[in-house]
file target_16.cif (mmCIF, C-alpha atoms)
data_entry
loop_
_atom_site.group_PDB
_atom_site.id
_atom_site.type_symbol
_atom_site.label_atom_id
_atom_site.label_comp_id
_atom_site.auth_asym_id
_atom_site.auth_seq_id
_atom_site.Cartn_x
_atom_site.Cartn_y
_atom_site.Cartn_z
ATOM 1 C CA MET I 1 195.645 -150.884 125.210
ATOM 2 C CA ARG I 2 195.329 -147.101 125.006
ATOM 3 C CA THR I 3 196.154 -145.937 121.492
ATOM 4 C CA ALA I 4 196.783 -142.334 120.460
ATOM 5 C CA ILE I 5 197.210 -140.858 117.000
ATOM 6 C CA ILE I 6 199.672 -138.075 116.314
ATOM 7 C CA PRO I 7 198.697 -136.661 112.915
ATOM 8 C CA GLY I 8 200.468 -134.198 110.682
ATOM 9 C CA SER I 9 201.940 -133.591 107.280
ATOM 10 C CA PHE I 10 205.455 -134.165 108.713
ATOM 11 C CA ASP I 11 207.217 -132.602 105.724
ATOM 12 C CA PRO I 12 209.733 -133.467 107.189
ATOM 13 C CA MET I 13 209.408 -134.827 110.733
ATOM 14 C CA THR I 14 211.600 -132.732 113.020
ATOM 15 C CA LEU I 15 213.079 -133.188 116.472
ATOM 16 C CA GLY I 16 210.177 -131.040 117.698
ATOM 17 C CA HIS I 17 207.771 -133.700 116.433
ATOM 18 C CA LYS I 18 209.926 -136.395 118.025
ATOM 19 C CA ASP I 19 209.697 -134.561 121.353
ATOM 20 C CA VAL I 20 205.888 -134.651 121.175
ATOM 21 C CA VAL I 21 205.964 -138.387 120.375
ATOM 22 C CA GLU I 22 208.369 -139.123 123.257
ATOM 23 C CA ARG I 23 206.133 -137.284 125.685
ATOM 24 C CA ALA I 24 202.975 -138.980 124.357
ATOM 25 C CA ILE I 25 204.599 -142.388 124.880
ATOM 26 C CA LYS I 26 204.497 -141.659 128.627
ATOM 27 C CA LEU I 27 200.715 -141.217 128.435
ATOM 28 C CA PHE I 28 199.600 -143.948 126.007
ATOM 29 C CA ASP I 29 200.487 -147.587 125.347
ATOM 30 C CA ARG I 30 200.629 -147.303 121.586
ATOM 31 C CA ILE I 31 201.268 -144.331 119.306
ATOM 32 C CA ILE I 32 200.294 -144.183 115.648
ATOM 33 C CA VAL I 33 201.982 -141.378 113.745
ATOM 34 C CA ALA I 34 199.658 -140.653 110.826
ATOM 35 C CA ILE I 35 201.156 -138.761 107.913
ATOM 36 C CA MET I 36 198.072 -137.081 106.510
ATOM 37 C CA ILE I 37 197.279 -135.242 103.300
ATOM 38 C CA ASN I 38 196.811 -131.532 103.923
ATOM 39 C CA PRO I 39 195.322 -129.951 100.771
ATOM 40 C CA ASP I 40 196.480 -126.515 101.980
ATOM 41 C CA LYS I 41 200.143 -127.538 101.955
ATOM 42 C CA LYS I 42 202.397 -128.372 99.022
ATOM 43 C CA GLY I 43 204.835 -131.076 100.032
ATOM 44 C CA LYS I 44 208.591 -131.069 99.531
ATOM 45 C CA PHE I 45 208.908 -134.809 100.180
ATOM 46 C CA SER I 46 206.769 -137.630 98.804
ATOM 47 C CA PHE I 47 204.603 -139.608 101.210
ATOM 48 C CA ALA I 48 207.020 -142.546 100.947
ATOM 49 C CA GLU I 49 209.928 -140.214 101.817
ATOM 50 C CA ARG I 50 208.002 -138.648 104.711
ATOM 51 C CA LYS I 51 207.198 -142.103 106.046
ATOM 52 C CA LYS I 52 210.855 -143.143 105.813
ATOM 53 C CA ILE I 53 211.962 -139.920 107.550
ATOM 54 C CA ALA I 54 209.439 -140.489 110.360
ATOM 55 C CA GLU I 55 210.483 -144.137 110.733
ATOM 56 C CA LEU I 56 214.157 -143.124 110.953
ATOM 57 C CA THR I 57 213.339 -140.401 113.487
ATOM 58 C CA LEU I 58 211.281 -142.736 115.686
ATOM 59 C CA ALA I 59 213.182 -146.029 115.189
ATOM 60 C CA GLU I 60 214.072 -146.318 118.888
ATOM 61 C CA PHE I 61 210.414 -146.533 119.952
ATOM 62 C CA PRO I 62 208.882 -150.000 119.384
ATOM 63 C CA GLN I 63 205.440 -148.811 120.521
ATOM 64 C CA VAL I 64 205.254 -146.302 117.637
ATOM 65 C CA THR I 65 203.865 -147.168 114.209
ATOM 66 C CA VAL I 66 204.067 -144.791 111.248
ATOM 67 C CA ILE I 67 201.305 -144.844 108.638
ATOM 68 C CA THR I 68 200.157 -142.678 105.751
ATOM 69 C CA ALA I 69 196.480 -141.862 105.460
ATOM 70 C CA ASP I 70 193.949 -139.620 103.794
ATOM 71 C CA GLY I 71 190.386 -138.734 104.615
ATOM 72 C CA TYR I 72 189.090 -137.401 107.896
ATOM 73 C CA LEU I 73 191.296 -137.766 110.955
ATOM 74 C CA ALA I 74 188.256 -138.366 113.166
ATOM 75 C CA ASP I 75 187.254 -141.349 111.008
ATOM 76 C CA LEU I 76 190.794 -142.736 111.094
ATOM 77 C CA ALA I 77 190.855 -142.400 114.884
ATOM 78 C CA SER I 78 187.575 -144.284 115.098
ATOM 79 C CA ALA I 79 188.768 -147.052 112.762
ATOM 80 C CA LEU I 80 191.983 -147.479 114.790
ATOM 81 C CA LYS I 81 190.104 -147.313 118.103
ATOM 82 C CA ALA I 82 192.289 -144.437 119.271
ATOM 83 C CA VAL I 83 191.326 -142.863 122.573
ATOM 84 C CA ALA I 84 193.153 -139.636 121.736
ATOM 85 C CA ILE I 85 194.477 -137.378 119.027
ATOM 86 C CA VAL I 86 197.676 -135.777 120.298
ATOM 87 C CA LYS I 87 198.717 -132.399 118.931
ATOM 88 C CA GLY I 88 201.822 -130.396 119.732
ATOM 89 C CA VAL I 89 201.327 -126.653 120.024
ATOM 90 C CA ARG I 90 204.160 -124.123 119.809
ATOM 91 C CA ASN I 91 202.230 -120.887 120.235
ATOM 92 C CA THR I 92 198.781 -119.302 120.366
ATOM 93 C CA ASP I 93 198.404 -119.430 116.568
ATOM 94 C CA ASP I 94 198.934 -123.210 116.659
ATOM 95 C CA PHE I 95 196.448 -123.498 119.518
ATOM 96 C CA GLU I 96 193.724 -121.530 117.742
ATOM 97 C CA TYR I 97 194.108 -123.611 114.569
ATOM 98 C CA GLU I 98 194.197 -126.898 116.501
ATOM 99 C CA GLN I 99 191.195 -125.914 118.611
ATOM 100 C CA ASP I 100 189.089 -125.451 115.472
ATOM 101 C CA MET I 101 190.241 -128.874 114.255
ATOM 102 C CA ALA I 102 189.511 -130.431 117.655
ATOM 103 C CA VAL I 103 185.926 -129.163 117.562
ATOM 104 C CA PHE I 104 185.467 -130.564 114.049
ATOM 105 C CA ASN I 105 186.955 -133.923 115.065
ATOM 106 C CA HIS I 106 184.855 -134.075 118.236
ATOM 107 C CA ASN I 107 181.659 -133.379 116.303
ATOM 108 C CA ARG I 108 182.521 -136.199 113.898
ATOM 109 C CA ASN I 109 183.887 -138.596 116.554
ATOM 110 C CA PRO I 110 182.960 -137.670 120.143
ATOM 111 C CA VAL I 111 184.659 -140.791 121.543
ATOM 112 C CA THR I 112 188.214 -139.695 120.718
ATOM 113 C CA GLU I 113 189.621 -136.826 122.810
ATOM 114 C CA THR I 114 192.127 -134.244 121.613
ATOM 115 C CA VAL I 115 195.158 -133.764 123.851
ATOM 116 C CA TYR I 116 197.508 -130.793 123.469
ATOM 117 C CA LEU I 117 201.168 -130.994 124.405
ATOM 118 C CA PRO I 118 202.940 -127.637 124.535
ATOM 119 C CA SER I 119 206.403 -127.216 123.067
ATOM 120 C CA TYR I 120 209.111 -126.348 125.562
ATOM 121 C CA GLY I 121 212.345 -124.407 125.171
ATOM 122 C CA GLU I 122 214.130 -124.649 121.854
ATOM 123 C CA MET I 123 211.480 -127.051 120.527
ATOM 124 C CA SER I 124 209.149 -124.052 120.192
ATOM 125 C CA ASP I 125 211.327 -122.692 117.397
ATOM 126 C CA ILE I 126 211.443 -125.867 115.292
ATOM 127 C CA SER I 127 208.956 -126.400 112.471
ATOM 128 C CA SER I 128 208.864 -128.340 109.227
ATOM 129 C CA THR I 129 208.831 -125.023 107.349
ATOM 130 C CA TYR I 130 212.034 -123.984 109.096
ATOM 131 C CA ALA I 131 213.601 -127.380 108.315
ATOM 132 C CA ARG I 132 212.632 -127.102 104.624
ATOM 133 C CA ASN I 133 214.140 -123.616 104.434
ATOM 134 C CA LEU I 134 217.389 -124.913 105.906
ATOM 135 C CA ILE I 135 217.400 -127.858 103.494
ATOM 136 C CA ASP I 136 216.783 -125.569 100.511
ATOM 137 C CA SER I 137 219.596 -123.229 101.549
ATOM 138 C CA GLY I 138 222.063 -126.020 102.319
ATOM 139 C CA ALA I 139 222.382 -124.906 105.944
ATOM 140 C CA PRO I 140 223.272 -127.347 108.748
ATOM 141 C CA LEU I 141 220.366 -129.417 110.067
ATOM 142 C CA ASP I 142 221.880 -130.514 113.381
ATOM 143 C CA GLY I 143 219.451 -130.016 116.244
ATOM 144 C CA ILE I 144 216.531 -129.758 113.816
ATOM 145 C CA LEU I 145 216.400 -133.256 112.289
ATOM 146 C CA ALA I 146 217.580 -136.642 113.576
ATOM 147 C CA PRO I 147 221.123 -137.581 112.432
ATOM 148 C CA ASP I 148 219.881 -140.574 110.385
ATOM 149 C CA VAL I 149 217.363 -138.291 108.681
ATOM 150 C CA ILE I 150 220.044 -135.764 107.760
ATOM 151 C CA GLU I 151 222.026 -138.575 106.129
ATOM 152 C CA TYR I 152 218.899 -139.854 104.328
ATOM 153 C CA ILE I 153 217.979 -136.392 103.010
ATOM 154 C CA GLU I 154 221.551 -135.832 101.840
ATOM 155 C CA SER I 155 221.316 -139.118 99.907
ATOM 156 C CA LEU I 156 218.137 -137.874 98.191
ATOM 157 C CA VAL I 157 219.778 -134.706 96.870
ATOM 158 C CA ARG I 158 222.987 -136.351 95.655
#
call {"tool": "encode", "arguments": {"input": "target_16.cif", "output": "structure tokens"}}
result
Amino acid sequence: MRTAIIPGSFDPMTLGHKDVVERAIKLFDRIIVAIMINPDKKGKFSFAERKKIAELTLAEFPQVTVITADGYLADLASALKAVAIVKGVRNTDDFEYEQDMAVFNHNRNPVTETVYLPSYGEMSDISSTYARNLIDSGAPLDGILAPDVIEYIESLVR
């Protein structure tokens, strides 16, 4: 079974992230979405809330498991016997950042490959930062977050 990890802070998981997962499902037998700690980012949602949001977003895919993790991604990939780390890239800035991470991960775990999936169309404009800004301003979230996630987030702020 070919397992891939899709890591990120997912604060929150957006439809752009879901698009990457859907496309990765075509390439791998099993997908593990790993909600990771990023010390450079301050989170809006707790890890439990992020996990719930990701599970709601990806509920239709039985081959996808959502986990939370800390430590080095390369070590997690090794422990889970993942053949690939899948990263979505929206633009050249994303690519440059992810390329640096890929080199680090490869040096630590040369068995696991990094695979980039480019964002297409309107997915290129969706980010967690954009979603958080919309949430904070009370703007509509349709087309940015899954409908069940919008309902869940609304229940958190009530």
call {"tool": "residues_around", "arguments": {"input": "target_16.cif", "residues": "region 86-99 of chain I", "least_positions_apart": "6", "cutoff": "10 Å", "atoms": "only C-alpha atoms", "output": "list in words"}}
result
Ala4, Ile5, Ile6, Pro7, Gly8, Gly16, His17, Asp19, Val20, Val21, Ala24, Ile31, Ile32, Val33, Asn105, Glu113, Thr114, Val115, Tyr116, Leu117, Pro118, Ser119, Tyr120, Gly121, Met123, Ser124, Asp125, Ile126 and Ser127 of chain I
call {"tool": "write_last_selection", "arguments": {"input": "target_16.cif", "atoms": "C-alpha atoms", "output": "mmCIF file, in the frame of the given file"}}
result
data_model
loop_
_atom_site.group_PDB
_atom_site.id
_atom_site.type_symbol
_atom_site.label_atom_id
_atom_site.label_comp_id
_atom_site.auth_asym_id
_atom_site.auth_seq_id
_atom_site.Cartn_x
_atom_site.Cartn_y
_atom_site.Cartn_z
ATOM 1 C CA ALA I 4 196.783 -142.334 120.460
ATOM 2 C CA ILE I 5 197.210 -140.858 117.000
ATOM 3 C CA ILE I 6 199.672 -138.075 116.314
ATOM 4 C CA PRO I 7 198.697 -136.661 112.915
ATOM 5 C CA GLY I 8 200.468 -134.198 110.682
ATOM 6 C CA GLY I 16 210.177 -131.040 117.698
ATOM 7 C CA HIS I 17 207.771 -133.700 116.433
ATOM 8 C CA ASP I 19 209.697 -134.561 121.353
ATOM 9 C CA VAL I 20 205.888 -134.651 121.175
ATOM 10 C CA VAL I 21 205.964 -138.387 120.375
ATOM 11 C CA ALA I 24 202.975 -138.980 124.357
ATOM 12 C CA ILE I 31 201.268 -144.331 119.306
ATOM 13 C CA ILE I 32 200.294 -144.183 115.648
ATOM 14 C CA VAL I 33 201.982 -141.378 113.745
ATOM 15 C CA ASN I 105 186.955 -133.923 115.065
ATOM 16 C CA GLU I 113 189.621 -136.826 122.810
ATOM 17 C CA THR I 114 192.127 -134.244 121.613
ATOM 18 C CA VAL I 115 195.158 -133.764 123.851
ATOM 19 C CA TYR I 116 197.508 -130.793 123.469
ATOM 20 C CA LEU I 117 201.168 -130.994 124.405
ATOM 21 C CA PRO I 118 202.940 -127.637 124.535
ATOM 22 C CA SER I 119 206.403 -127.216 123.067
ATOM 23 C CA TYR I 120 209.111 -126.348 125.562
ATOM 24 C CA GLY I 121 212.345 -124.407 125.171
ATOM 25 C CA MET I 123 211.480 -127.051 120.527
ATOM 26 C CA SER I 124 209.149 -124.052 120.192
ATOM 27 C CA ASP I 125 211.327 -122.692 117.397
ATOM 28 C CA ILE I 126 211.443 -125.867 115.292
ATOM 29 C CA SER I 127 208.956 -126.400 112.471
#
call {"tool": "closest_atom_pairs", "arguments": {"input": "target_16.cif", "of": "region 73-136 of chain I", "to": "region 41-44 of chain I", "cutoff": "12 Å", "atoms": "only C-alpha atoms", "output": "CSV"}}
result
residue,atom,partner,partner_atom,distance
I:Ser128,CA,I:Lys44,CA,10.1
I:Thr129,CA,I:Lys44,CA,9.9
I:Ala131,CA,I:Lys44,CA,10.8
I:Arg132,CA,I:Lys44,CA,7.6
I:Asn133,CA,I:Lys44,CA,10.5
I:Ile135,CA,I:Lys44,CA,10.2
I:Asp136,CA,I:Lys44,CA,9.9
call {"tool": "atom_distance", "arguments": {"input": "target_16.cif", "atom1": "CA of Leu76 (chain I)", "atom2": "CA of Tyr130 (chain I)"}}
result
28.4 Å
call {"tool": "atom_distance", "arguments": {"input": "target_16.cif", "atom1": "CA of His106 (chain I)", "atom2": "CA of Ala74 (chain I)"}}
result
7.5 Å
call {"tool": "closest_residue", "arguments": {"input": "target_16.cif", "among": "I:Leu15, I:Ile37, I:Leu80, I:Met1", "to": "Ile144 (chain I)", "atoms": "only C-alpha atoms"}}
result
I:Leu15
call {"tool": "atom_distance", "arguments": {"input": "target_16.cif", "atom1": "CA of Glu151 (chain I)", "atom2": "CA of Phe47 (chain I)"}}
result
18.1 Å
call {"tool": "residues_around", "arguments": {"input": "target_16.cif", "residues": "Ser78 (chain I)", "least_positions_apart": "6", "cutoff": "10 Å", "atoms": "all atoms listed in the file", "output": "short mmCIF file (atom, residue, chain, number, x, y, z; two decimals) with C-alpha atoms, keeping the file's coordinate frame"}}
result
data_model
loop_
_atom_site.label_atom_id
_atom_site.label_comp_id
_atom_site.auth_asym_id
_atom_site.auth_seq_id
_atom_site.Cartn_x
_atom_site.Cartn_y
_atom_site.Cartn_z
CA ALA I 84 193.15 -139.64 121.74
CA ARG I 108 182.52 -136.20 113.90
CA ASN I 109 183.89 -138.60 116.55
CA PRO I 110 182.96 -137.67 120.14
CA VAL I 111 184.66 -140.79 121.54
CA THR I 112 188.21 -139.70 120.72
#
call {"tool": "resolve_selection", "arguments": {"input": "target_16.cif", "expression": "the PyMOL selection byres ((chain I and resi 54) around 8)", "output": "list in words"}}
result
Phe10, Pro12, Met13, Arg50, Lys51, Lys52, Ile53, Glu55, Leu56, Thr57, Leu58 and Val66 of chain I
call {"tool": "closest_residue", "arguments": {"input": "target_16.cif", "among": "I:Ser9, I:Thr3, I:Ser46, I:Asn107", "to": "Leu156 (chain I)", "atoms": "all atoms listed in the file"}}
result
I:Ser46
call {"tool": "build_atoms", "arguments": {"input": "target_16.cif", "residues": "region 17-28 of chain I", "atoms": "all heavy atoms", "output": "compact mmCIF listing (two decimals), in the frame of the given file"}}
result
# COMPACT_ATOMS: atom_id res chain seq x y z
N HIS I 17 208.79 -132.65 116.52
CA HIS I 17 207.77 -133.70 116.43
C HIS I 17 208.17 -134.90 117.30
O HIS I 17 207.33 -135.49 117.99
CB HIS I 17 207.59 -134.18 114.98
CG HIS I 17 207.08 -133.14 114.05
ND1 HIS I 17 207.74 -132.78 112.90
CD2 HIS I 17 205.95 -132.38 114.08
CE1 HIS I 17 207.05 -131.86 112.27
NE2 HIS I 17 205.96 -131.59 112.97
N LYS I 18 209.45 -135.26 117.24
CA LYS I 18 209.93 -136.40 118.02
C LYS I 18 209.70 -136.14 119.51
O LYS I 18 209.31 -137.05 120.24
CB LYS I 18 211.41 -136.66 117.74
CG LYS I 18 211.97 -137.83 118.52
CD LYS I 18 213.45 -138.04 118.25
CE LYS I 18 213.97 -139.24 119.03
NZ LYS I 18 215.42 -139.41 118.86
N ASP I 19 209.92 -134.91 119.96
CA ASP I 19 209.70 -134.56 121.35
C ASP I 19 208.24 -134.80 121.75
O ASP I 19 207.97 -135.35 122.82
CB ASP I 19 210.08 -133.10 121.58
CG ASP I 19 209.86 -132.66 123.01
OD1 ASP I 19 210.56 -133.18 123.90
OD2 ASP I 19 208.99 -131.80 123.24
N VAL I 20 207.31 -134.42 120.89
CA VAL I 20 205.89 -134.65 121.18
C VAL I 20 205.61 -136.15 121.27
O VAL I 20 204.91 -136.61 122.18
CB VAL I 20 204.99 -133.98 120.11
CG1 VAL I 20 203.54 -134.41 120.25
CG2 VAL I 20 205.11 -132.47 120.18
N VAL I 21 206.16 -136.93 120.36
CA VAL I 21 205.96 -138.39 120.38
C VAL I 21 206.53 -138.98 121.67
O VAL I 21 205.86 -139.77 122.34
CB VAL I 21 206.59 -139.05 119.14
CG1 VAL I 21 206.57 -140.56 119.26
CG2 VAL I 21 205.88 -138.61 117.86
N GLU I 22 207.75 -138.60 122.03
CA GLU I 22 208.37 -139.12 123.26
C GLU I 22 207.52 -138.83 124.48
O GLU I 22 207.38 -139.68 125.37
CB GLU I 22 209.75 -138.50 123.46
CG GLU I 22 210.83 -139.07 122.58
CD GLU I 22 212.19 -138.47 122.89
OE1 GLU I 22 212.51 -137.40 122.32
OE2 GLU I 22 212.91 -139.06 123.71
N ARG I 23 206.96 -137.65 124.54
CA ARG I 23 206.13 -137.28 125.68
C ARG I 23 204.80 -138.02 125.66
O ARG I 23 204.27 -138.40 126.71
CB ARG I 23 205.97 -135.77 125.73
CG ARG I 23 207.34 -135.14 126.07
CD ARG I 23 207.43 -133.66 125.84
NE ARG I 23 206.33 -132.94 126.41
CZ ARG I 23 205.81 -131.85 125.84
NH1 ARG I 23 206.28 -131.39 124.71
NH2 ARG I 23 204.81 -131.24 126.41
N ALA I 24 204.24 -138.24 124.47
CA ALA I 24 202.98 -138.98 124.36
C ALA I 24 203.15 -140.45 124.75
O ALA I 24 202.22 -141.06 125.29
CB ALA I 24 202.44 -138.87 122.94
N ILE I 25 204.33 -141.00 124.51
CA ILE I 25 204.60 -142.39 124.88
C ILE I 25 204.40 -142.59 126.39
O ILE I 25 203.98 -143.66 126.82
CB ILE I 25 206.03 -142.79 124.44
CG1 ILE I 25 206.08 -142.99 122.93
CG2 ILE I 25 206.51 -144.04 125.17
CD1 ILE I 25 207.49 -143.14 122.36
N LYS I 26 204.67 -141.56 127.17
CA LYS I 26 204.50 -141.66 128.63
C LYS I 26 203.03 -141.73 129.03
O LYS I 26 202.70 -142.14 130.13
CB LYS I 26 205.15 -140.45 129.31
CG LYS I 26 206.65 -140.39 129.11
CD LYS I 26 207.19 -139.09 129.68
CE LYS I 26 208.64 -138.91 129.33
NZ LYS I 26 209.16 -137.60 129.73
N LEU I 27 202.14 -141.30 128.12
CA LEU I 27 200.72 -141.22 128.44
C LEU I 27 199.88 -142.34 127.83
O LEU I 27 198.78 -142.63 128.32
CB LEU I 27 200.16 -139.87 127.94
CG LEU I 27 200.85 -138.62 128.48
CD1 LEU I 27 200.31 -137.39 127.76
CD2 LEU I 27 200.66 -138.52 129.98
N PHE I 28 200.37 -142.95 126.74
CA PHE I 28 199.60 -143.95 126.01
C PHE I 28 200.45 -145.19 125.75
O PHE I 28 201.67 -145.11 125.70
CB PHE I 28 199.11 -143.36 124.67
CG PHE I 28 198.26 -142.13 124.86
CD1 PHE I 28 198.82 -140.86 124.75
CD2 PHE I 28 196.92 -142.24 125.17
CE1 PHE I 28 198.05 -139.72 124.95
CE2 PHE I 28 196.13 -141.11 125.38
CZ PHE I 28 196.71 -139.85 125.26
